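As stored in final_7.txt (compact mmCIF, C-alpha atoms):
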# COMPACT_ATOMS: atom_id res chain seq x y z
CA MET U 118 -27.69 10.89 -16.05
CA VAL U 119 -25.36 13.89 -15.68
CA ALA U 120 -25.65 13.77 -11.90
CA GLN U 121 -24.75 10.09 -11.94
CA ASN U 122 -21.70 10.77 -14.08
CA ILE U 123 -20.55 13.52 -11.71
CA ALA U 124 -21.02 11.18 -8.73
CA PHE U 125 -19.10 8.49 -10.60
CA GLY U 126 -16.23 10.86 -11.37
CA VAL U 127 -15.97 12.09 -7.79
CA MET U 128 -16.06 8.58 -6.35
CA VAL U 129 -13.55 7.13 -8.82
CA GLY U 130 -11.21 10.06 -8.22
CA ILE U 131 -11.30 9.55 -4.46
CA MET U 132 -11.01 5.78 -4.96
CA GLY U 133 -7.95 6.03 -7.20
CA LEU U 134 -6.07 8.49 -4.99
CA SER U 135 -6.81 6.52 -1.82
CA ALA U 136 -5.88 3.22 -3.49
CA ILE U 137 -2.54 4.70 -4.55
CA ARG U 138 -1.98 5.87 -0.99
CA VAL U 139 -2.78 2.34 0.28
CA VAL U 140 0.09 0.88 -1.73
CA THR U 141 2.55 3.75 -1.28
CA THR U 142 2.13 5.11 2.25
CA ARG U 143 4.78 4.29 4.81
CA ASN U 144 2.43 4.26 7.76
CA VAL U 145 0.66 0.92 8.18
CA VAL U 146 -2.31 2.35 10.07
CA HIS U 147 -2.77 5.07 7.43
CA ALA U 148 -2.81 2.32 4.79
CA ALA U 149 -5.65 0.58 6.63
CA LEU U 150 -7.60 3.84 6.91
CA TYR U 151 -7.06 4.66 3.22
CA LEU U 152 -8.25 1.13 2.43
CA MET U 153 -11.42 2.02 4.34
CA VAL U 154 -11.94 5.05 2.06
CA VAL U 155 -11.47 2.84 -1.03
CA LEU U 156 -14.00 0.31 0.26
CA ALA U 157 -16.50 3.10 1.02
CA THR U 158 -16.21 4.48 -2.52
CA VAL U 159 -16.65 0.97 -3.93
CA ALA U 160 -19.84 0.73 -1.85
CA GLY U 161 -20.86 4.03 -3.43
CA LEU U 162 -20.25 2.59 -6.91
CA PHE U 163 -22.45 -0.40 -6.01
CA LEU U 164 -25.23 1.97 -4.97
CA LEU U 165 -24.72 3.92 -8.22
CA LEU U 166 -25.21 0.65 -10.11
CA GLY U 167 -28.42 0.06 -8.17
CA ALA U 168 -27.11 -2.83 -6.09
CA GLU U 169 -28.49 -1.63 -2.78
CA PHE U 170 -28.04 -4.85 -0.78
CA LEU U 171 -24.47 -5.25 -1.95
CA GLY U 172 -23.65 -1.64 -1.06
CA ILE U 173 -24.92 -2.12 2.48
CA THR U 174 -23.15 -5.49 2.76
CA GLN U 175 -19.92 -3.87 1.63
CA VAL U 176 -20.18 -1.25 4.38
CA LEU U 177 -21.14 -3.83 7.02
CA ILE U 178 -18.59 -6.52 6.23
CA TYR U 179 -15.64 -4.62 4.79
CA ILE U 180 -15.68 -1.34 6.65
CA GLY U 181 -17.23 -2.83 9.77
CA ALA U 182 -15.33 -6.08 10.12
CA VAL U 183 -12.40 -6.49 7.73
CA ILE U 184 -10.80 -3.12 8.55
CA VAL U 185 -11.05 -3.88 12.28
CA LEU U 186 -9.44 -7.26 11.58
CA PHE U 187 -6.61 -5.52 9.69
CA LEU U 188 -6.07 -3.07 12.53
CA PHE U 189 -5.91 -6.00 14.95
CA GLY U 190 -3.42 -7.72 12.66
CA ILE U 191 -1.26 -4.58 12.52
CA MET U 192 -1.42 -4.29 16.31
CA LEU U 193 -0.66 -7.93 17.06
CA THR U 194 2.23 -8.22 14.61
CA GLY U 195 3.97 -5.37 16.41
CA ALA U 196 4.39 -3.09 13.43
CA ARG U 197 5.91 0.23 14.34
CA ILE U 198 3.11 2.76 14.23
CA GLY U 199 4.66 5.57 12.27
CA LYS U 200 6.96 5.90 9.34
CA GLU U 201 8.50 2.63 8.32
CA LYS U 202 11.20 2.70 5.69
CA LEU U 203 11.22 -0.98 4.84
CA LEU U 204 7.53 -1.31 3.98
CA SER U 205 8.20 -1.47 0.23
CA HIS U 206 11.22 -3.02 -1.41
CA ARG U 207 13.27 -1.88 -4.35
CA ASN U 208 11.55 -3.65 -7.24
CA LYS U 209 9.28 -0.66 -7.80
CA VAL U 210 10.07 -0.07 -11.47
CA PRO U 211 9.22 -3.61 -12.74
CA ALA U 212 6.09 -3.64 -10.57
CA LEU U 213 5.05 -0.25 -11.97
CA MET U 214 5.65 -1.52 -15.50
CA ILE U 215 3.51 -4.62 -14.90
CA ALA U 216 0.71 -2.53 -13.39
CA THR U 217 0.83 -0.07 -16.30
CA VAL U 218 0.70 -2.85 -18.87
CA ILE U 219 -2.27 -4.47 -17.13
CA THR U 220 -4.10 -1.12 -17.00
CA ALA U 221 -3.38 -0.32 -20.64
CA VAL U 222 -4.43 -3.75 -21.93
CA SER U 223 -7.61 -3.80 -19.83
CA ILE U 224 -8.64 -0.29 -20.86
CA TYR U 225 -7.95 -1.04 -24.53
CA ALA U 226 -9.94 -4.30 -24.34
CA ALA U 227 -12.84 -2.60 -22.52
CA ILE U 228 -13.09 0.27 -25.02
CA ASP U 229 -12.63 -2.08 -27.96
CA TYR U 230 -15.32 -4.52 -26.84
CA PHE U 231 -17.91 -2.37 -25.09
CA GLY U 232 -17.32 1.00 -26.77
CA ALA U 233 -20.11 3.27 -25.61
CA ASP U 234 -22.57 0.55 -24.54
CA LYS U 235 -25.03 2.34 -22.31
CA LEU U 236 -26.16 0.75 -19.09
CA PRO U 237 -29.94 0.45 -18.85
CA GLU U 238 -31.63 3.54 -17.36
CA GLU U 239 -33.13 1.49 -14.56
CA THR U 240 -30.54 -0.84 -13.00
CA ARG U 241 -31.96 -1.00 -9.50
CA THR U 242 -32.23 -4.51 -8.09
CA SER U 243 -34.14 -4.83 -4.86
CA THR U 244 -33.01 -6.87 -1.88
CA LYS U 245 -36.05 -9.08 -2.49
CA GLU U 246 -34.75 -10.15 -5.90
CA VAL U 247 -31.30 -10.92 -4.48
CA ALA U 248 -32.85 -12.95 -1.67
CA ASN U 249 -35.14 -14.86 -4.03
CA SER U 250 -32.21 -15.73 -6.26
CA LEU U 251 -29.92 -16.60 -3.36
CA PHE U 252 -32.41 -18.93 -1.71
CA SER U 253 -33.63 -20.71 -4.85
CA GLN U 254 -31.13 -20.92 -7.69
CA TYR U 255 -27.99 -20.39 -5.60
CA ILE U 256 -28.99 -22.25 -2.44
CA ILE U 257 -26.19 -24.85 -2.71
CA PRO U 258 -23.36 -22.29 -3.07
CA PHE U 259 -24.98 -20.37 -0.23
CA GLU U 260 -24.83 -23.39 2.07
CA VAL U 261 -21.28 -24.15 0.95
CA ALA U 262 -20.34 -20.56 1.79
CA SER U 263 -21.65 -21.05 5.32
CA VAL U 264 -19.54 -24.20 5.69
CA LEU U 265 -16.56 -22.27 4.33
CA LEU U 266 -17.06 -19.54 6.93
CA LEU U 267 -17.25 -22.15 9.68
CA ALA U 268 -14.07 -23.80 8.40
CA ALA U 269 -12.31 -20.43 8.24
CA LEU U 270 -13.46 -19.63 11.79
CA ILE U 271 -12.19 -22.90 13.22
CA GLY U 272 -9.04 -22.78 11.09
CA ALA U 273 -8.17 -19.24 12.19
CA ILE U 274 -8.65 -20.15 15.85
CA VAL U 275 -6.58 -23.35 15.57
CA ILE U 276 -3.76 -21.61 13.65
CA ALA U 277 -3.51 -18.53 15.84
CA ARG U 278 -4.04 -20.24 19.20
CA ARG U 279 -1.00 -20.64 21.41
CA GLU U 280 -0.57 -24.31 22.34
CA PRO U 281 -0.22 -24.92 26.09
CA HIS U 282 3.10 -26.76 25.72
CA GLU U 283 4.46 -23.98 23.50
CA GLU U 284 4.14 -21.52 26.36
CA ASN U 285 6.05 -23.89 28.59
CA LEU U 286 8.80 -24.05 25.99
CA THR U 287 9.12 -20.28 25.74
CA LYS U 288 9.38 -20.03 29.52
CA MET M 269 -23.41 5.86 -17.61
CA THR M 270 -21.62 3.42 -19.85
CA VAL M 271 -20.37 0.02 -18.75
CA THR M 272 -16.90 0.97 -20.07
CA GLN M 273 -16.31 3.56 -17.39
CA PHE M 274 -16.96 1.02 -14.66
CA VAL M 275 -14.68 -1.55 -16.32
CA ILE M 276 -11.93 1.08 -16.60
CA ALA M 277 -12.32 2.10 -12.94
CA SER M 278 -12.08 -1.54 -11.95
CA ALA M 279 -9.01 -2.07 -14.17
CA VAL M 280 -7.25 0.86 -12.50
CA LEU M 281 -8.09 -0.46 -9.02
CA PHE M 282 -6.91 -3.94 -10.04
CA SER M 283 -3.57 -2.64 -11.30
CA ILE M 284 -2.99 -0.63 -8.14
CA GLY M 285 -3.69 -3.81 -6.16
CA VAL M 286 -1.24 -5.81 -8.29
CA TYR M 287 1.39 -3.12 -7.77
CA GLY M 288 0.83 -3.35 -4.02
CA VAL M 289 1.13 -7.14 -4.00
CA LEU M 290 4.41 -6.94 -5.94
CA VAL M 291 5.99 -4.09 -4.00
CA ARG M 292 4.96 -4.49 -0.38
CA ARG M 293 7.14 -6.40 2.08
CA SER M 294 4.83 -6.70 5.02
CA ALA M 295 2.38 -9.61 4.74
CA VAL M 296 -0.43 -7.49 6.19
CA MET M 297 0.07 -4.91 3.44
CA VAL M 298 0.00 -7.67 0.81
CA LEU M 299 -3.34 -8.83 2.20
CA MET M 300 -4.66 -5.25 1.96
CA SER M 301 -3.62 -5.11 -1.70
CA VAL M 302 -5.41 -8.41 -2.32
CA GLU M 303 -8.55 -6.77 -0.91
CA LEU M 304 -8.17 -4.01 -3.54
CA ILE M 305 -8.01 -6.67 -6.27
CA LEU M 306 -11.09 -8.50 -4.97
CA ASN M 307 -13.03 -5.23 -4.84
CA SER M 308 -12.15 -4.42 -8.43
CA VAL M 309 -13.53 -7.82 -9.43
CA ASN M 310 -16.74 -7.05 -7.55
CA ILE M 311 -17.19 -3.76 -9.42
CA ASN M 312 -16.90 -5.67 -12.70
CA LEU M 313 -19.37 -8.35 -11.61
CA VAL M 314 -21.99 -5.81 -10.54
CA ALA M 315 -21.49 -3.67 -13.66
CA PHE M 316 -21.95 -6.66 -15.97
CA GLY M 317 -24.94 -7.81 -13.93
CA ALA M 318 -26.50 -4.37 -14.44
CA LEU M 319 -25.65 -4.41 -18.16
CA HIS M 320 -27.35 -7.73 -18.79
CA ASP M 321 -30.11 -7.12 -16.24
CA ASN M 322 -29.06 -10.31 -14.49
CA ILE M 323 -29.08 -10.86 -10.76
CA ALA M 324 -26.22 -13.40 -10.95
CA GLY M 325 -23.59 -10.66 -10.95
CA GLU M 326 -24.73 -9.37 -7.59
CA VAL M 327 -25.02 -12.85 -6.10
CA PHE M 328 -21.49 -13.69 -7.24
CA ALA M 329 -20.16 -10.44 -5.78
CA LEU M 330 -21.84 -11.42 -2.50
CA PHE M 331 -19.99 -14.74 -2.56
CA VAL M 332 -16.73 -12.96 -3.34
CA ILE M 333 -17.26 -10.75 -0.27
CA THR M 334 -17.90 -13.86 1.85
CA VAL M 335 -14.78 -15.62 0.62
CA ALA M 336 -12.72 -12.43 1.07
CA ALA M 337 -13.81 -12.18 4.69
CA ALA M 338 -12.82 -15.81 5.31
CA GLU M 339 -9.53 -15.24 3.48
CA VAL M 340 -8.63 -12.23 5.62
CA GLY M 341 -9.42 -14.16 8.81
CA VAL M 342 -7.26 -17.16 7.94
CA GLY M 343 -4.58 -14.99 6.31
CA LEU M 344 -4.13 -12.82 9.36
CA ALA M 345 -4.02 -15.91 11.59
CA LEU M 346 -1.19 -17.26 9.42
CA VAL M 347 0.63 -13.92 9.53
CA LEU M 348 0.28 -13.93 13.32
CA LEU M 349 1.79 -17.42 13.49
CA ILE M 350 4.69 -16.41 11.23
CA PHE M 351 5.28 -13.34 13.39
CA ARG M 352 5.26 -15.46 16.54
CA ASN M 353 7.84 -17.88 15.13
CA ARG M 354 10.12 -15.48 13.26
CA LYS M 355 9.57 -12.10 14.94
CA ASN M 356 8.88 -10.30 11.67
CA ILE M 357 6.39 -10.55 8.81
CA ASN M 358 8.66 -9.75 5.89
CA ILE M 359 7.41 -12.10 3.16
CA HIS M 360 10.84 -12.18 1.51
CA GLU M 361 12.38 -13.89 4.50
CA VAL M 362 9.76 -16.65 4.61
CA ASP M 363 11.50 -18.81 2.01
CA LEU M 364 11.89 -22.12 3.83
CA MET M 365 10.16 -24.03 1.02
CA LYS M 366 12.18 -22.38 -1.75
CA GLY M 367 13.92 -25.01 -3.91

Would you give me this structure, written as structure tokens?
Amino acid sequence: MVAQNIAFGVMVGIMGLSAIRVVTTRNVVHAALYLMVVLATVAGLFLLLGAEFLGITQVLIYIGAVIVLFLFGIMLTGARIGKEKLLSHRNKVPALMIATVITAVSIYAAIDYFGADKLPEETRTSTKEVANSLFSQYIIPFEVASVLLLAALIGAIVIARREPHEENLTK
Amino acid sequence: MTVTQFVIASAVLFSIGVYGVLVRRSAVMVLMSVELILNSVNINLVAFGALHDNIAGEVFALFVITVAAAEVGVGLALVLLIFRNRKNINIHEVDLMKG
């Protein structure tokens, strides 16, 4: 239990610092790389909670695909790689106040409601259980998710594709 | 490990994400902050699933990851289109539909 708490502390520390860097850094590429660190620590928290399949999925989909997509987005939108002064605007104080209030209220509510509720000693859920649940009880959402992915795929291609007559116009 | 510490970690990550959404100008950076928010929700779902020994938390987190991937794909396509038409992705200048 002590080892798990130490691992939790280390991961949450890294996660918090990297997350703050994601929203404060002036370099867009650094933000994407710090986001990668945050996602990796979240995968670590999933493994700590015994969700092995979800941890691996997090690494595969987020770190493997979403970060690459973000880097492509940064590259294609012609952001200046380097320090950019205009990345954040001036409303920092109200935003900071809102974030602080949300944190304070959530932490108060969590401590008030859960107190020191211990998690069960054995929280490991095997991939088999997830698969059984996904393909029996949650089969309809699963199929809907596949349709959603197809729609997103086609939608992204249609939106981002350059129309042939558009190119003629720009010439 | 208590469930409270996971909920607090997720609350902190959520607030940092909200701060990013409010403060950032670039649409790509706003999408990154939205990813932080979605991840904080996933931590909560998995922690509550572990607390109640229920597999539903994990399955829901899996769906959230799926939807987040689709959202990033379509979102970046939209950002690309805005960039192509307006030559920058500052979300404060995209106010054509403002009343």

d(CA of Ala136 (chain U), CA of Gly167 (chain U)) in Å: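 Going from CA of Ala136 (chain U) over to CA of Gly167 (chain U), I get 23.2 Å.
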
Chain M contacts on chain U, all atoms listed in the file, 6 Å, as a PyMOL selection string: chain U and resi 140+204-206+212+216+220+224+227+233-236+240+266+269+273+277

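Note that the spacing between CA of Thr158 (chain U) and CA of Val145 (chain U) amounts to 20.3 Å.
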
Length of the CA of Ile180 (chain U) to CA of Val146 (chain U) vector [Å]: 14.3 Å
